[in-house]
$ cat protein06.txt   # compact mmCIF, C-alpha atoms
# COMPACT_ATOMS: atom_id res chain seq x y z
CA MET A 30 -9.39 20.61 -23.72
CA GLU A 31 -12.03 20.12 -21.05
CA LYS A 32 -11.47 18.00 -18.00
CA PHE A 33 -13.65 15.03 -17.20
CA ILE A 34 -14.01 12.49 -14.44
CA THR A 35 -13.52 9.41 -16.58
CA GLY A 36 -14.09 6.75 -13.94
CA TYR A 37 -14.40 6.11 -10.23
CA CYS A 38 -14.07 3.26 -7.78
CA GLN A 39 -15.39 2.93 -4.23
CA LEU A 40 -14.72 0.55 -1.35
CA GLN A 41 -16.88 0.77 1.74
CA ASN A 42 -19.09 -1.37 3.99
CA GLY A 43 -18.01 -4.57 2.30
CA LYS A 44 -18.83 -3.30 -1.20
CA LEU A 45 -16.68 -2.70 -4.25
CA ILE A 46 -18.33 -0.35 -6.73
CA LEU A 47 -16.81 0.59 -10.07
CA ASN A 48 -18.59 3.29 -12.09
CA SER A 49 -21.94 2.67 -10.33
CA LYS A 50 -21.67 -1.10 -10.79
CA ASN A 51 -21.52 -3.28 -7.68
CA LEU A 52 -18.69 -5.72 -8.49
CA PHE A 53 -18.23 -7.44 -5.14
CA GLU A 54 -19.98 -7.61 -1.79
CA ALA A 55 -19.05 -9.41 1.43
CA ASP A 56 -19.86 -8.63 5.05
CA ILE A 57 -16.43 -9.49 6.46
CA PRO A 58 -13.61 -7.65 8.31
CA VAL A 59 -11.70 -5.12 6.19
CA ASP A 60 -8.43 -7.11 6.04
CA GLU A 61 -10.26 -10.19 4.77
CA PHE A 62 -12.35 -8.04 2.42
CA LEU A 63 -9.25 -6.55 0.78
CA ASN A 64 -7.51 -9.93 0.51
CA LYS A 65 -10.58 -11.35 -1.25
CA ILE A 66 -10.68 -8.46 -3.73
CA VAL A 67 -6.95 -8.77 -4.41
CA ALA A 68 -7.42 -12.47 -5.21
CA GLU A 69 -10.68 -12.08 -7.13
CA PHE A 70 -9.60 -9.15 -9.32
CA GLU A 71 -5.95 -10.16 -9.75
CA VAL A 72 -4.55 -7.04 -8.09
CA LYS A 73 -0.80 -7.52 -8.36
CA HIS A 74 1.76 -6.41 -5.79
CA PRO A 75 5.03 -8.23 -5.03
CA ARG A 76 4.48 -7.90 -1.28
CA PHE A 77 0.87 -6.91 -0.64
CA GLY A 78 0.95 -8.37 2.89
CA LYS A 79 3.76 -6.00 3.82
CA LEU A 80 1.73 -2.84 3.13
CA ASP A 81 -0.05 -1.04 5.95
CA ARG A 82 -3.85 -1.04 5.89
CA LEU A 83 -4.18 2.49 4.47
CA SER A 84 -1.87 1.58 1.59
CA LYS A 85 -3.70 -1.72 1.02
CA LEU A 86 -7.03 0.11 0.78
CA GLY A 87 -5.82 2.91 -1.51
CA TYR A 88 -3.63 0.64 -3.64
CA THR A 89 -6.41 -1.91 -4.18
CA CYS A 90 -8.96 0.75 -5.11
CA ALA A 91 -6.48 2.48 -7.45
CA GLU A 92 -5.58 -0.77 -9.19
CA ILE A 93 -9.23 -1.74 -9.78
CA LEU A 94 -9.90 1.73 -11.20
CA LEU A 95 -6.75 1.75 -13.35
CA GLN A 96 -7.51 -1.76 -14.66
CA SER A 97 -10.79 -0.35 -15.99
CA LEU A 98 -9.00 2.68 -17.50
CA GLY A 99 -6.61 0.99 -19.86
CA ASN A 100 -5.96 4.31 -21.58
CA PHE A 101 -3.98 5.56 -18.57
CA LYS A 102 -1.05 3.59 -19.97
CA LYS A 103 -0.82 6.06 -22.86
CA TYR A 104 0.37 8.86 -20.54
CA GLN A 105 4.03 9.64 -20.00
CA PRO A 106 5.30 9.19 -16.40
CA TYR A 107 5.36 12.94 -15.66
CA GLU A 108 1.86 13.52 -17.07
CA VAL A 109 -0.02 11.74 -14.26
CA ASN A 110 -0.52 13.40 -10.85
CA LEU A 111 -2.10 12.17 -7.63
CA VAL A 112 -4.22 14.12 -5.12
CA PHE A 113 -5.44 12.08 -2.15
CA ALA A 114 -6.93 13.09 1.19
CA ASN A 115 -8.40 11.77 4.41
CA SER A 116 -9.17 12.92 7.96
CA SER A 117 -6.91 10.72 10.10
CA SER A 118 -3.71 10.66 8.03
CA SER A 119 -1.84 7.44 8.99
CA LEU A 120 -3.34 7.21 12.51
CA ASP A 121 -4.35 3.54 12.09
CA THR A 122 -0.69 2.63 11.53
CA ASP A 123 0.59 5.21 14.03
CA PHE A 124 -1.29 3.40 16.81
CA ARG A 125 0.14 0.05 15.75
CA PHE A 126 3.62 1.54 15.66
CA GLN A 127 3.13 3.10 19.09
CA LYS A 128 2.45 -0.36 20.54
CA THR A 129 5.78 -1.64 19.20
CA ILE A 130 7.63 1.22 20.91
CA GLU A 131 6.75 -0.39 24.25
CA THR A 132 9.33 -3.08 23.40
CA ILE A 133 11.41 -2.47 20.24
CA ALA A 134 10.09 -0.16 17.53
CA SER A 135 9.20 -1.90 14.28
CA PRO A 136 11.12 -0.42 11.29
CA ALA A 137 8.61 -1.93 8.86
CA LEU A 138 5.70 -0.16 10.60
CA PHE A 139 7.66 3.07 10.99
CA VAL A 140 7.98 3.53 7.23
CA TYR A 141 4.17 3.59 6.98
CA THR A 142 3.66 6.32 9.59
CA LEU A 143 3.02 8.81 6.80
CA PRO A 144 0.03 8.61 4.44
CA ASN A 145 2.19 9.63 1.45
CA ILE A 146 3.68 6.14 1.30
CA MET A 147 0.35 4.94 -0.14
CA LEU A 148 0.86 7.34 -3.05
CA ALA A 149 4.39 6.00 -3.50
CA GLU A 150 3.10 2.43 -3.71
CA ILE A 151 0.66 3.42 -6.47
CA CYS A 152 3.29 5.48 -8.31
CA ILE A 153 5.94 2.74 -8.18
CA LYS A 154 3.50 0.11 -9.47
CA ASN A 155 2.30 2.27 -12.37
CA GLY A 156 5.45 4.27 -13.11
CA PHE A 157 3.78 7.62 -12.32
CA LYS A 158 6.31 10.40 -11.77
CA GLY A 159 4.10 13.48 -11.73
CA GLU A 160 3.34 15.62 -8.68
CA ASN A 161 1.54 14.05 -5.77
CA LEU A 162 -0.24 15.64 -2.89
CA PHE A 163 -1.82 14.25 0.27
CA LEU A 164 -4.26 16.50 2.14
CA VAL A 165 -5.77 16.10 5.61
CA SER A 166 -9.26 17.49 6.11
CA ASP A 167 -12.32 16.78 8.29
CA PHE A 168 -14.61 15.71 5.44
CA PRO A 169 -14.37 14.73 1.78
CA GLU A 170 -15.48 17.80 -0.15
CA GLY A 171 -15.34 18.70 -3.79
CA ASN A 172 -13.53 22.00 -3.30
CA LEU A 173 -10.72 20.25 -1.42
CA PHE A 174 -9.78 18.50 -4.65
CA TYR A 175 -11.01 20.90 -7.30
CA GLU A 176 -8.52 23.75 -6.87
CA PRO A 177 -5.26 21.79 -6.55
CA ILE A 178 -6.22 19.56 -9.47
CA ASN A 179 -7.13 22.59 -11.59
CA GLN A 180 -3.76 24.14 -10.79
CA MET A 181 -2.00 20.95 -11.79
CA PHE A 182 -3.82 20.84 -15.12
CA ALA A 183 -2.90 24.49 -15.67
CA GLN A 184 0.64 23.22 -16.07
CA GLN A 185 0.93 21.81 -19.54
CA SER A 186 2.75 18.71 -18.32
CA THR A 187 -0.36 17.37 -16.54
CA LYS A 188 -2.65 15.22 -18.67
CA ALA A 189 -4.33 13.03 -16.05
CA CYS A 190 -4.87 12.82 -12.32
CA LEU A 191 -5.88 10.12 -9.87
CA ALA A 192 -7.65 11.60 -6.86
CA GLY A 193 -9.86 10.79 -3.93
CA TRP A 194 -10.53 10.06 -0.29
CA VAL A 195 -8.95 7.07 1.47
CA GLU A 196 -9.80 6.64 5.13
CA ILE A 197 -9.28 3.74 7.49
CA PHE A 198 -9.26 3.46 11.24
CA GLY A 199 -9.87 0.06 12.81
CA GLU A 200 -12.83 -1.52 11.04
CA ILE A 201 -14.16 1.79 9.74
CA TYR A 202 -13.03 2.45 6.21
CA THR A 203 -14.09 4.32 3.12
CA CYS A 204 -12.37 4.89 -0.19
CA THR A 205 -13.55 6.82 -3.23
CA LEU A 206 -11.00 7.31 -6.00
CA PHE A 207 -11.65 8.95 -9.34
CA ALA A 208 -9.68 9.68 -12.49
CA ILE A 209 -9.58 13.08 -14.17
CA GLU A 210 -8.41 13.43 -17.75
CA SER A 211 -8.31 16.27 -20.21
CA THR A 212 -9.81 14.68 -23.25
CA ASP A 213 -12.10 15.24 -26.19
CA ASN A 214 -13.08 11.57 -26.28
CA LYS A 215 -16.37 10.80 -24.60
CA SER A 216 -16.78 7.60 -22.62
CA ASP A 217 -19.84 5.98 -21.04
CA HIS A 218 -18.89 6.94 -17.50
CA GLN A 219 -17.48 10.38 -18.27
CA ILE A 220 -18.83 13.33 -16.29
CA GLU A 221 -17.71 16.94 -16.19
CA PHE A 222 -14.98 17.71 -13.64
CA ASN A 223 -16.53 20.21 -11.23
CA ILE A 224 -17.17 20.55 -7.49
CA THR A 225 -20.79 19.41 -7.72
CA ASN A 226 -19.88 16.19 -9.53
CA ILE A 227 -17.03 15.40 -7.11
CA ASN A 228 -19.44 15.88 -4.19
CA LYS A 229 -21.92 13.55 -5.89
CA LEU A 230 -19.28 10.81 -5.91
CA PHE A 231 -18.75 11.20 -2.18
CA GLU A 232 -22.50 11.19 -1.56
CA LYS A 233 -23.03 7.91 -3.40
CA PHE A 234 -22.27 5.92 -0.28
CA MET B 20 19.24 -27.28 14.70
CA GLU B 21 16.34 -28.41 12.44
CA GLN B 22 13.81 -27.19 15.00
CA LEU B 23 15.60 -23.82 15.28
CA ILE B 24 15.60 -23.44 11.50
CA TYR B 25 11.86 -24.21 11.36
CA ASN B 26 11.12 -21.77 14.19
CA LEU B 27 13.17 -19.07 12.44
CA LYS B 28 11.24 -19.56 9.21
CA GLU B 29 7.93 -19.23 11.08
CA GLN B 30 9.14 -16.13 12.91
CA ILE B 31 10.41 -14.50 9.69
CA ILE B 32 7.09 -15.18 7.95
CA GLU B 33 5.12 -13.68 10.83
CA ARG B 34 7.43 -10.73 11.44
CA LEU B 35 7.73 -9.75 7.77
CA ASN B 36 4.07 -10.41 6.91
CA LEU B 37 4.95 -12.96 4.22
CA SER B 38 1.33 -14.08 4.23
CA ASP B 39 1.59 -16.22 1.08
CA THR B 40 4.72 -18.06 2.25
CA LYS B 41 4.93 -21.30 4.25
CA PRO B 42 8.04 -22.47 6.14
CA SER B 43 8.42 -25.27 3.58
CA ASP B 44 8.62 -22.66 0.78
CA ILE B 45 11.83 -21.21 2.23
CA ASP B 46 15.05 -22.93 1.26
CA SER B 47 17.28 -22.88 4.35
CA ASP B 48 20.37 -22.19 2.22
CA ALA B 49 18.82 -19.69 -0.20
CA PRO B 50 19.85 -16.01 0.10
CA LEU B 51 17.44 -13.98 2.23
CA PHE B 52 18.10 -10.85 0.16
CA GLY B 53 18.17 -10.31 -3.59
CA ASP B 54 17.38 -13.41 -5.64
CA GLY B 55 16.30 -15.72 -2.81
CA LEU B 56 13.47 -14.66 -0.55
CA GLY B 57 13.71 -11.14 -2.01
CA LEU B 58 13.86 -9.27 1.29
CA ASP B 59 14.89 -5.60 1.47
CA SER B 60 16.74 -3.29 3.86
CA ILE B 61 13.68 -2.70 6.06
CA ASP B 62 13.27 -6.48 6.36
CA ALA B 63 16.91 -6.68 7.49
CA LEU B 64 16.10 -4.25 10.30
CA GLU B 65 13.06 -6.34 11.25
CA ILE B 66 15.25 -9.47 11.43
CA ILE B 67 17.67 -7.60 13.72
CA VAL B 68 14.71 -6.72 15.98
CA LEU B 69 13.54 -10.35 15.82
CA LEU B 70 16.96 -11.63 16.95
CA GLN B 71 16.92 -9.20 19.83
CA GLN B 72 13.35 -9.90 20.96
CA ALA B 73 13.20 -13.65 20.47
CA TYR B 74 16.80 -14.67 21.15
CA GLY B 75 18.26 -11.78 23.16
CA ILE B 76 21.00 -11.30 20.55
CA LYS B 77 22.14 -7.83 19.53
CA ILE B 78 24.04 -7.46 16.27
CA THR B 79 26.55 -4.68 16.91
CA ASN B 80 29.02 -5.42 14.11
CA ALA B 81 27.76 -4.71 10.58
CA GLU B 82 30.08 -7.24 8.91
CA GLU B 83 29.09 -9.94 11.39
CA GLY B 84 25.41 -9.15 10.76
CA LYS B 85 25.90 -9.33 7.01
CA LYS B 86 27.41 -12.81 7.27
CA ALA B 87 24.73 -13.98 9.74
CA MET B 88 21.86 -12.83 7.53
CA LYS B 89 22.93 -14.59 4.34
CA SER B 90 20.36 -17.35 4.76
CA VAL B 91 18.11 -18.97 7.37
CA LYS B 92 20.84 -21.59 7.92
CA THR B 93 23.53 -18.96 8.63
CA LEU B 94 21.11 -17.16 10.95
CA ALA B 95 20.53 -20.41 12.87
CA ASP B 96 24.31 -21.00 13.06
CA TYR B 97 24.80 -17.45 14.36
CA ILE B 98 22.12 -17.88 17.06
CA THR B 99 23.58 -21.23 18.13
CA GLU B 100 27.07 -19.73 18.33
CA LYS B 101 25.90 -16.72 20.35
CA GLN B 102 23.79 -18.80 22.71
CA GLY B 103 26.43 -21.49 23.08
$ encode --input "protein06.txt" --output "structure tokens"
Amino acid sequence: MEKFITGYCQLQNGKLILNSKNLFEADIPVDEFLNKIVAEFEVKHPRFGKLDRLSKLGYTCAEILLQSLGNFKKYQPYEVNLVFANSSSSLDTDFRFQKTIETIASPALFVYTLPNIMLAEICIKNGFKGENLFLVSDFPEGNLFYEPINQMFAQQSTKACLAGWVEIFGEIYTCTLFAIESTDNKSDHQIEFNITNINKLFEKF
Amino acid sequence: MEQLIYNLKEQIIERLNLSDTKPSDIDSDAPLFGDGLGLDSIDALEIIVLLQQAYGIKITNAEEGKKAMKSVKTLADYITEKQG
């Protein structure tokens, strides 16, 4: 079966875009922006306020995308993998944690001083138990994602993958997540999974 | 004691980022962990840090800490006892 990008979601500059459609726009600080999206689009998390900002951004974007891809529920837990990347890892939270060290280190912040925790939040919510990978690179590029995702699909257990770039530092943030599925069923938003098409997603902003 | 309980609720909300919770939402006698406020082990560590920073109290005995952190009321009793 061929692999396709079956949907994508982007959050940047106060805009929420799902499969080319602008769903929400507000020129407000990122924390407020994410809280508004969570309320507006019924993004569920038992303790959203407890997440660090990187996890909030990635989790929110993933949930909006997965809400639009109802068919992801058909996959078994070990059939869905995650491949995420950014350039500053968990630096936004690392700086906040560093400030707490001046007095008493915050355990709740410490647990978020790794970007992988964002993947864990998404996996726990959706019951994904496949492989997950977090990469650190200077720029979002198609080839960064293409090879590891291809290798994952080469294993017969992989049927779908959630991938993309999630970056936040202070008020500067950008998130582009996309879903890859091996399927014969065509959908409206489906495009071929290749380096050129991944790069096009990153260029859309 | 009532003022201490209110202050504790405000401090717990702020420290644990319980953004959707108001002090009035927290039952002073309800369990902090499990069925009550639903806090977890990391929250317990944050409460220990809170006691140290805001009240200068260090919990050094695990059993004592377990009893103190049953509810907001038991926490207030513990602080009063230690500061007394």
$ closest_residue --input "protein06.txt" --among "A:Ala114, A:Leu40, A:Ala137, A:Ile46" --to "B:Ser60" --atoms "only C-alpha atoms"
A:Ala137
$ closest_atom_pairs --input "protein06.txt" --of "chain A" --to "chain B" --cutoff "9 Å" --atoms "all atoms listed in the file" --output "Markdown table"
| residue | atom | partner | partner_atom | distance |
| --- | --- | --- | --- | --- |
| A:Arg76 | CA | B:Leu37 | CA | 7.5 |
| A:Phe77 | CA | B:Ser38 | CA | 8.7 |
| A:Gly78 | CA | B:Asn36 | CA | 5.5 |
| A:Lys79 | CA | B:Asn36 | CA | 5.4 |
| A:Leu80 | CA | B:Asn36 | CA | 8.8 |
| A:Thr132 | CA | B:Gln72 | CA | 8.3 |
| A:Ile133 | CA | B:Val68 | CA | 6.9 |
| A:Ala134 | CA | B:Val68 | CA | 8.2 |
| A:Ser135 | CA | B:Glu65 | CA | 6.6 |
| A:Pro136 | CA | B:Glu65 | CA | 6.2 |
| A:Ala137 | CA | B:Ile61 | CA | 5.8 |
| A:Val140 | CA | B:Ile61 | CA | 8.5 |
$ residues_around --input "protein06.txt" --residues "A:Phe53" --least-positions-apart "6" --cutoff "12 Å" --atoms "all atoms listed in the file" --output "PyMOL selection string"
chain A and resi 38-47+62-63+65-70+93
$ residues_around --input "protein06.txt" --residues "stretch 156-169 of chain A" --least-positions-apart "4" --cutoff "8 Å" --atoms "all atoms listed in the file" --output "list in words"
Gln105, Pro106, Tyr107, Glu108, Val109, Asn110, Leu111, Val112, Phe113, Ala114, Asn115, Ser116, Ser117, Ser118, Pro144, Asn145, Leu148, Ile151, Cys152, Leu173, Thr187, Trp194, Asn228 and Phe231 of chain A
$ residues_around --input "protein06.txt" --residues "B:Asp46" --least-positions-apart "3" --cutoff "9 Å" --atoms "only C-alpha atoms" --output "ChimeraX atom specification"
/B:42-43,49-50,55-56,90-92
$ atom_distance --input "protein06.txt" --atom1 "atom CA of B:Tyr74" --atom2 "atom CA of B:Gln102"
8.3 Å
$ atom_distance --input "protein06.txt" --atom1 "atom CA of A:Pro177" --atom2 "atom CA of A:Met30"
17.7 Å
$ residues_near_point --input "protein06.txt" --point "(-18.0, 15.6, -16.2)" --cutoff "8 Å" --atoms "all atoms listed in the file" --output "VMD selection string"
chain A and resid 32 to 35 219 to 223 226
$ atom_distance --input "protein06.txt" --atom1 "atom CA of B:Glu100" --atom2 "atom CA of B:Lys41"
26.3 Å
$ closest_residue --input "protein06.txt" --among "A:Ile201, A:Met181, A:Ile227, A:Val195" --to "A:Ser119" --atoms "only C-alpha atoms"
A:Val195
